[in-house]
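Below: the structure, in structure tokens.
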Amino acid sequence: MKKETLTDLLGIQHPIIMAPMFLVSNTKMVIEGMKSGIAGCIPALNYRTLDELRVSVKELKTNKVAGGSFGYNLIVNKSNVKYKEQLRVLCEEGVDFIITSLGSPEETIREAHKVGIKVFCDVTDLAFAKKVESLGADAIIAVNNQAGGHRGNIDPEQLIKELNENTSLPVISAGGVGNKADLDNMLSYGAIGVSVGSPFIASEESGVSEDYKQACVDYGAKDIVMTERISGTPCTVINTPYVQKVGTKQTWLETLLNKNKSLKKWVKMIRFYIGMKATEKAATQVTYKTVWVAGPSIEDTKAILPVKDIVKKLVS
């Protein structure tokens, strides 16, 4: 059975979702993305309060244009104590789609579908894809080993084909797209569209420091490394001198405590909190503690550009 295209699924012009990026994504970026005919997504955790989240939804609804679409990303595990209230706000205000990450999407799918919101679920393998399919997800975001942030372990072609052959859900590929040729490759593997993040970090509209943006211009794919020092889960960052200095592995104490079943959850929550605070400072302030999250697709980032020009580079 032919699967619905991303352009039809979201009513957009080009099969691209501007991926949700912690600290980076904002309403300005998404509005410009919608004007350029793509969808945009913002992590709900980018907003400190529910009121701020609600205001952002209203702003995007006001500025929505034909050929564009917008959604939010929810972290749906216990590390996000705001999750249930964030879901409530999104359902009350109304958004086009929700992307779920790092946990079971069962409640999100159930509540979102009540009000006509589509739910796409991050997956890194077939086992989890089958679980979200059984829960009624509308599509799967296939997070491959070229993605930025918390990436998967399987290469794009293999992952897309495996998910297509063994599930009935449309597959949106996440990771490894920095230009038109990369986009065409993902579509040729069987993806209905792509989720693109790192190329948009160095956009004029993104909310991070100029140093962070310039780093995405100055560094390339060879400079991306995996670190366990941010959230306790391997995450891709730019290999700055500071990252080289502090290392990319957990400390011996964190490793020891993570082996204790009763303490593991709390250790991970504390590590996540400390890592996110450090990342926030690096992204928004001038600091020597430069922990900048990015993926290998920054290889194609040669200048800080408006969102509309980055979209043009991806589609033409």
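Each chain of the structure tokens is named A, B, ... in the order shown, its residues numbered from 1; ligands are numbered from 1 in display order.
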Per-residue nearest contacts segment 75-174 of chain A to segment 40-43 of chain A, cut-off 9 Å, using only C-alpha atoms, as CSV:
```
residue,atom,partner,partner_atom,distance
A:Ile75,CA,A:Pro43,CA,8.2
A:Phe97,CA,A:Cys41,CA,8.5
A:Ile98,CA,A:Cys41,CA,8.2
A:Ile99,CA,A:Cys41,CA,8.1
```
Would you put the residues from that selection into a file with N, CA, C and O atoms, as a JSON list (two decimals), in the first residue's frame?
```
[["chain", "number", "residue", "atom", "x", "y", "z"],
["A", 75, "ILE", "N", 9.21, 15.44, 25.31],
["A", 75, "ILE", "CA", 9.97, 14.37, 25.96],
["A", 75, "ILE", "C", 8.98, 13.65, 26.86],
["A", 75, "ILE", "O", 8.44, 14.25, 27.80],
["A", 97, "PHE", "N", 0.89, 18.98, 14.69],
["A", 97, "PHE", "CA", 1.48, 17.68, 15.01],
["A", 97, "PHE", "C", 2.34, 17.77, 16.27],
["A", 97, "PHE", "O", 2.76, 18.85, 16.69],
["A", 98, "ILE", "N", 2.56, 16.62, 16.87],
["A", 98, "ILE", "CA", 3.47, 16.48, 18.02],
["A", 98, "ILE", "C", 4.47, 15.39, 17.68],
["A", 98, "ILE", "O", 4.10, 14.34, 17.13],
["A", 99, "ILE", "N", 5.75, 15.64, 18.00],
["A", 99, "ILE", "CA", 6.78, 14.61, 17.87],
["A", 99, "ILE", "C", 7.15, 14.16, 19.28],
["A", 99, "ILE", "O", 7.49, 14.98, 20.13]]
```
Determine, using only C-alpha atoms, which residues of segment 6-80 of chain A have any atom at most 12 Å from an atom of segment 136-155 of chain A, and tabulate each with its shortest atom pair and distance in Å to one decimal place, rows ordered by chain and then rising number, as JSON lines.
```
{"residue": "A:Leu6", "atom": "CA", "partner": "A:Ala139", "partner_atom": "CA", "distance": 9.3}
{"residue": "A:Leu9", "atom": "CA", "partner": "A:Asp138", "partner_atom": "CA", "distance": 9.1}
{"residue": "A:Leu10", "atom": "CA", "partner": "A:Asp138", "partner_atom": "CA", "distance": 11.1}
{"residue": "A:Ile16", "atom": "CA", "partner": "A:Ile141", "partner_atom": "CA", "distance": 11.9}
{"residue": "A:Ile17", "atom": "CA", "partner": "A:Ile141", "partner_atom": "CA", "distance": 10.4}
{"residue": "A:Ala19", "atom": "CA", "partner": "A:Gly148", "partner_atom": "CA", "distance": 10.1}
{"residue": "A:Pro20", "atom": "CA", "partner": "A:Gly149", "partner_atom": "CA", "distance": 10.6}
{"residue": "A:Met21", "atom": "CA", "partner": "A:Gly149", "partner_atom": "CA", "distance": 8.5}
{"residue": "A:Phe22", "atom": "CA", "partner": "A:Gly149", "partner_atom": "CA", "distance": 9.2}
{"residue": "A:Asn73", "atom": "CA", "partner": "A:Ile141", "partner_atom": "CA", "distance": 11.8}
```
Dump as a PDB file, in the first residue's frame, selection limited to all heavy atoms:
```
ATOM      1  N   LEU A   6       4.706  13.224   3.016  1.00  0.00           N
ATOM      2  CA  LEU A   6       4.759  14.209   4.089  1.00  0.00           C
ATOM      3  C   LEU A   6       4.083  15.507   3.668  1.00  0.00           C
ATOM      4  O   LEU A   6       3.447  16.181   4.492  1.00  0.00           O
ATOM      5  CB  LEU A   6       6.217  14.482   4.496  1.00  0.00           C
ATOM      6  CG  LEU A   6       6.410  15.400   5.704  1.00  0.00           C
ATOM      7  CD1 LEU A   6       5.723  14.833   6.937  1.00  0.00           C
ATOM      8  CD2 LEU A   6       7.905  15.617   5.984  1.00  0.00           C
ATOM      9  N   LEU A   9       0.488  14.808   4.191  1.00  0.00           N
ATOM     10  CA  LEU A   9       0.199  14.570   5.605  1.00  0.00           C
ATOM     11  C   LEU A   9       0.099  15.875   6.391  1.00  0.00           C
ATOM     12  O   LEU A   9      -0.753  16.034   7.263  1.00  0.00           O
ATOM     13  CB  LEU A   9       1.296  13.678   6.198  1.00  0.00           C
ATOM     14  CG  LEU A   9       1.004  12.898   7.485  1.00  0.00           C
ATOM     15  CD1 LEU A   9      -0.175  11.958   7.279  1.00  0.00           C
ATOM     16  CD2 LEU A   9       2.244  12.110   7.900  1.00  0.00           C
ATOM     17  N   LEU A  10       0.965  16.847   6.039  1.00  0.00           N
ATOM     18  CA  LEU A  10       0.997  18.109   6.767  1.00  0.00           C
ATOM     19  C   LEU A  10       0.531  19.309   5.938  1.00  0.00           C
ATOM     20  O   LEU A  10       0.498  20.432   6.446  1.00  0.00           O
ATOM     21  CB  LEU A  10       2.419  18.379   7.296  1.00  0.00           C
ATOM     22  CG  LEU A  10       2.910  17.433   8.398  1.00  0.00           C
ATOM     23  CD1 LEU A  10       4.338  17.792   8.795  1.00  0.00           C
ATOM     24  CD2 LEU A  10       1.995  17.469   9.609  1.00  0.00           C
ATOM     25  N   ILE A  16       9.831  18.536   4.222  1.00  0.00           N
ATOM     26  CA  ILE A  16      10.855  18.832   5.233  1.00  0.00           C
ATOM     27  C   ILE A  16      10.206  19.310   6.528  1.00  0.00           C
ATOM     28  O   ILE A  16       9.329  20.177   6.510  1.00  0.00           O
ATOM     29  CB  ILE A  16      11.834  19.917   4.740  1.00  0.00           C
ATOM     30  CG1 ILE A  16      12.587  19.460   3.491  1.00  0.00           C
ATOM     31  CG2 ILE A  16      12.819  20.307   5.837  1.00  0.00           C
ATOM     32  CD1 ILE A  16      13.394  20.572   2.826  1.00  0.00           C
ATOM     33  N   ILE A  17      10.669  18.757   7.643  1.00  0.00           N
ATOM     34  CA  ILE A  17      10.353  19.291   8.964  1.00  0.00           C
ATOM     35  C   ILE A  17      11.632  19.902   9.525  1.00  0.00           C
ATOM     36  O   ILE A  17      12.685  19.250   9.548  1.00  0.00           O
ATOM     37  CB  ILE A  17       9.862  18.193   9.929  1.00  0.00           C
ATOM     38  CG1 ILE A  17       8.555  17.581   9.443  1.00  0.00           C
ATOM     39  CG2 ILE A  17       9.700  18.757  11.345  1.00  0.00           C
ATOM     40  CD1 ILE A  17       8.083  16.390  10.276  1.00  0.00           C
ATOM     41  N   ALA A  19      13.659  20.331  12.344  1.00  0.00           N
ATOM     42  CA  ALA A  19      13.636  19.500  13.543  1.00  0.00           C
ATOM     43  C   ALA A  19      13.637  20.329  14.829  1.00  0.00           C
ATOM     44  O   ALA A  19      14.212  21.420  14.878  1.00  0.00           O
ATOM     45  CB  ALA A  19      14.847  18.568  13.542  1.00  0.00           C
ATOM     46  N   PRO A  20      12.994  19.817  15.877  1.00  0.00           N
ATOM     47  CA  PRO A  20      13.022  20.499  17.170  1.00  0.00           C
ATOM     48  C   PRO A  20      14.408  20.391  17.799  1.00  0.00           C
ATOM     49  O   PRO A  20      14.951  19.296  17.918  1.00  0.00           O
ATOM     50  CB  PRO A  20      11.985  19.719  17.989  1.00  0.00           C
ATOM     51  CG  PRO A  20      11.986  18.344  17.383  1.00  0.00           C
ATOM     52  CD  PRO A  20      12.229  18.557  15.922  1.00  0.00           C
ATOM     53  N   MET A  21      14.994  21.522  18.187  1.00  0.00           N
ATOM     54  CA  MET A  21      16.327  21.535  18.786  1.00  0.00           C
ATOM     55  C   MET A  21      16.297  22.290  20.106  1.00  0.00           C
ATOM     56  O   MET A  21      15.873  23.446  20.156  1.00  0.00           O
ATOM     57  CB  MET A  21      17.340  22.158  17.825  1.00  0.00           C
ATOM     58  CG  MET A  21      17.567  21.347  16.570  1.00  0.00           C
ATOM     59  SD  MET A  21      18.678  22.165  15.393  1.00  0.00           S
ATOM     60  CE  MET A  21      17.545  23.373  14.692  1.00  0.00           C
ATOM     61  N   PHE A  22      16.733  21.634  21.163  1.00  0.00           N
ATOM     62  CA  PHE A  22      16.748  22.239  22.486  1.00  0.00           C
ATOM     63  C   PHE A  22      17.560  23.528  22.459  1.00  0.00           C
ATOM     64  O   PHE A  22      18.685  23.545  21.973  1.00  0.00           O
ATOM     65  CB  PHE A  22      17.342  21.254  23.495  1.00  0.00           C
ATOM     66  CG  PHE A  22      17.353  21.762  24.910  1.00  0.00           C
ATOM     67  CD1 PHE A  22      16.178  22.130  25.542  1.00  0.00           C
ATOM     68  CD2 PHE A  22      18.546  21.869  25.607  1.00  0.00           C
ATOM     69  CE1 PHE A  22      16.186  22.597  26.855  1.00  0.00           C
ATOM     70  CE2 PHE A  22      18.565  22.334  26.911  1.00  0.00           C
ATOM     71  CZ  PHE A  22      17.384  22.701  27.536  1.00  0.00           C
ATOM     72  N   ASN A  73       7.659  19.270  20.100  1.00  0.00           N
ATOM     73  CA  ASN A  73       8.286  18.022  20.525  1.00  0.00           C
ATOM     74  C   ASN A  73       8.089  17.849  22.031  1.00  0.00           C
ATOM     75  O   ASN A  73       8.314  18.775  22.809  1.00  0.00           O
ATOM     76  CB  ASN A  73       9.774  18.058  20.182  1.00  0.00           C
ATOM     77  CG  ASN A  73      10.559  16.904  20.772  1.00  0.00           C
ATOM     78  OD1 ASN A  73      11.592  17.112  21.395  1.00  0.00           O
ATOM     79  ND2 ASN A  73      10.103  15.693  20.594  1.00  0.00           N
TER      80      ASN A  73
END
```
> Got a sec: who's within 9 Å of Val307 of chain A, counting only C-alpha atoms, leaving out chain neighbours fewer than 6 positions off, as a list in words?
Replying inline: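 Non-adjacent residues within range: Met29, Val30, Glu32, Gly33, Ser36, Phe200, Ala202, Ser203, Glu204, Glu205 and Ser206 of chain A.
Proximity of A:Leu169, A:Leu60, A:Leu90, A:Val95 to Ala129 of chain A, computed with only C-alpha atoms, is greatest for A:Leu169.
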>> For a test of reading the model, state the distance in Å between atom CA of Trp292 of chain A and atom CA of Asn239 of chain A, rounded to one decimal.
In response: 8.4 Å
>> Taking 4 positions as the minimum chain separation for residues in the same chain, which residues sit within 12 Å of Glu133 of chain A when counting only C-alpha atoms? Answer as a PyMOL selection string.
In response: chain A and resi 104-106+109+119-123+126-129+137-141+163-164+166-171
Write the selection just made, keeping N, CA, C and O atoms, as an mmCIF file, in the first residue's frame?
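The result, stored in result-v4.cif:
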```
data_model
loop_
_atom_site.group_PDB
_atom_site.id
_atom_site.type_symbol
_atom_site.label_atom_id
_atom_site.label_comp_id
_atom_site.auth_asym_id
_atom_site.auth_seq_id
_atom_site.Cartn_x
_atom_site.Cartn_y
_atom_site.Cartn_z
ATOM 1 N N SER A 104 7.409 6.301 26.194
ATOM 2 C CA SER A 104 6.204 5.758 25.578
ATOM 3 C C SER A 104 5.266 6.881 25.148
ATOM 4 O O SER A 104 4.899 7.739 25.955
ATOM 5 N N PRO A 105 4.820 6.866 23.888
ATOM 6 C CA PRO A 105 3.932 7.908 23.379
ATOM 7 C C PRO A 105 2.447 7.586 23.566
ATOM 8 O O PRO A 105 1.589 8.286 23.036
ATOM 9 N N GLU A 106 2.140 6.538 24.310
ATOM 10 C CA GLU A 106 0.758 6.054 24.391
ATOM 11 C C GLU A 106 -0.225 7.146 24.806
ATOM 12 O O GLU A 106 -1.242 7.373 24.147
ATOM 13 N N ILE A 109 -0.494 10.008 22.112
ATOM 14 C CA ILE A 109 -1.286 9.607 20.951
ATOM 15 C C ILE A 109 -2.770 9.626 21.285
ATOM 16 O O ILE A 109 -3.595 10.157 20.524
ATOM 17 N N VAL A 119 0.479 12.585 15.536
ATOM 18 C CA VAL A 119 1.618 12.278 16.400
ATOM 19 C C VAL A 119 2.647 11.454 15.626
ATOM 20 O O VAL A 119 2.332 10.383 15.100
ATOM 21 N N PHE A 120 3.858 11.992 15.555
ATOM 22 C CA PHE A 120 4.991 11.300 14.961
ATOM 23 C C PHE A 120 5.939 10.903 16.094
ATOM 24 O O PHE A 120 6.174 11.700 17.001
ATOM 25 N N CYS A 121 6.477 9.704 16.029
ATOM 26 C CA CYS A 121 7.295 9.196 17.130
ATOM 27 C C CYS A 121 8.730 8.926 16.704
ATOM 28 O O CYS A 121 8.963 8.227 15.707
ATOM 29 N N ASP A 122 9.687 9.476 17.467
ATOM 30 C CA ASP A 122 11.096 9.158 17.244
ATOM 31 C C ASP A 122 11.340 7.685 17.526
ATOM 32 O O ASP A 122 10.956 7.173 18.590
ATOM 33 N N VAL A 123 12.002 7.003 16.596
ATOM 34 C CA VAL A 123 12.415 5.611 16.817
ATOM 35 C C VAL A 123 13.827 5.450 16.264
ATOM 36 O O VAL A 123 14.226 6.150 15.335
ATOM 37 N N LEU A 126 13.592 -1.121 14.729
ATOM 38 C CA LEU A 126 12.321 -1.721 14.340
ATOM 39 C C LEU A 126 11.465 -2.080 15.547
ATOM 40 O O LEU A 126 10.237 -1.926 15.508
ATOM 41 N N ALA A 127 12.090 -2.549 16.617
ATOM 42 C CA ALA A 127 11.321 -2.978 17.789
ATOM 43 C C ALA A 127 10.458 -1.843 18.330
ATOM 44 O O ALA A 127 9.259 -2.031 18.593
ATOM 45 N N PHE A 128 11.038 -0.665 18.470
ATOM 46 C CA PHE A 128 10.262 0.456 19.005
ATOM 47 C C PHE A 128 9.260 0.960 17.968
ATOM 48 O O PHE A 128 8.164 1.404 18.319
ATOM 49 N N ALA A 129 9.619 0.867 16.697
ATOM 50 C CA ALA A 129 8.699 1.278 15.633
ATOM 51 C C ALA A 129 7.422 0.445 15.685
ATOM 52 O O ALA A 129 6.316 0.965 15.519
ATOM 53 N N ALA A 137 0.393 5.526 16.235
ATOM 54 C CA ALA A 137 1.142 6.685 15.729
ATOM 55 C C ALA A 137 0.800 6.941 14.265
ATOM 56 O O ALA A 137 0.440 6.024 13.519
ATOM 57 N N ASP A 138 0.904 8.208 13.853
ATOM 58 C CA ASP A 138 0.594 8.581 12.478
ATOM 59 C C ASP A 138 1.791 8.421 11.544
ATOM 60 O O ASP A 138 1.621 8.287 10.330
ATOM 61 N N ALA A 139 2.997 8.469 12.087
ATOM 62 C CA ALA A 139 4.224 8.297 11.303
ATOM 63 C C ALA A 139 5.364 8.061 12.275
ATOM 64 O O ALA A 139 5.244 8.303 13.492
ATOM 65 N N ILE A 140 6.481 7.587 11.754
ATOM 66 C CA ILE A 140 7.662 7.391 12.588
ATOM 67 C C ILE A 140 8.807 8.262 12.072
ATOM 68 O O ILE A 140 8.992 8.424 10.872
ATOM 69 N N ILE A 141 9.542 8.840 13.023
ATOM 70 C CA ILE A 141 10.744 9.598 12.704
ATOM 71 C C ILE A 141 11.916 8.647 12.877
ATOM 72 O O ILE A 141 12.260 8.258 14.003
ATOM 73 N N LEU A 163 12.222 -0.306 8.262
ATOM 74 C CA LEU A 163 10.953 0.178 8.813
ATOM 75 C C LEU A 163 9.841 0.107 7.769
ATOM 76 O O LEU A 163 8.701 -0.230 8.094
ATOM 77 N N ASN A 164 10.155 0.413 6.520
ATOM 78 C CA ASN A 164 9.156 0.342 5.454
ATOM 79 C C ASN A 164 8.693 -1.086 5.194
ATOM 80 O O ASN A 164 7.516 -1.341 4.945
ATOM 81 N N ASN A 166 8.638 -3.557 7.296
ATOM 82 C CA ASN A 166 8.071 -4.275 8.435
ATOM 83 C C ASN A 166 7.000 -3.511 9.215
ATOM 84 O O ASN A 166 6.482 -4.032 10.204
ATOM 85 N N THR A 167 6.682 -2.285 8.780
ATOM 86 C CA THR A 167 5.578 -1.547 9.392
ATOM 87 C C THR A 167 4.738 -0.907 8.293
ATOM 88 O O THR A 167 5.184 -0.786 7.148
ATOM 89 N N SER A 168 3.540 -0.504 8.649
ATOM 90 C CA SER A 168 2.661 0.153 7.675
ATOM 91 C C SER A 168 2.730 1.667 7.785
ATOM 92 O O SER A 168 2.066 2.376 7.031
ATOM 93 N N LEU A 169 3.553 2.182 8.721
ATOM 94 C CA LEU A 169 3.610 3.619 8.973
ATOM 95 C C LEU A 169 4.501 4.355 7.970
ATOM 96 O O LEU A 169 5.533 3.820 7.544
ATOM 97 N N PRO A 170 4.160 5.595 7.628
ATOM 98 C CA PRO A 170 5.058 6.428 6.825
ATOM 99 C C PRO A 170 6.346 6.687 7.610
ATOM 100 O O PRO A 170 6.311 6.867 8.828
ATOM 101 N N VAL A 171 7.469 6.724 6.905
ATOM 102 C CA VAL A 171 8.777 6.900 7.542
ATOM 103 C C VAL A 171 9.363 8.262 7.172
ATOM 104 O O VAL A 171 9.540 8.573 5.992
#
```
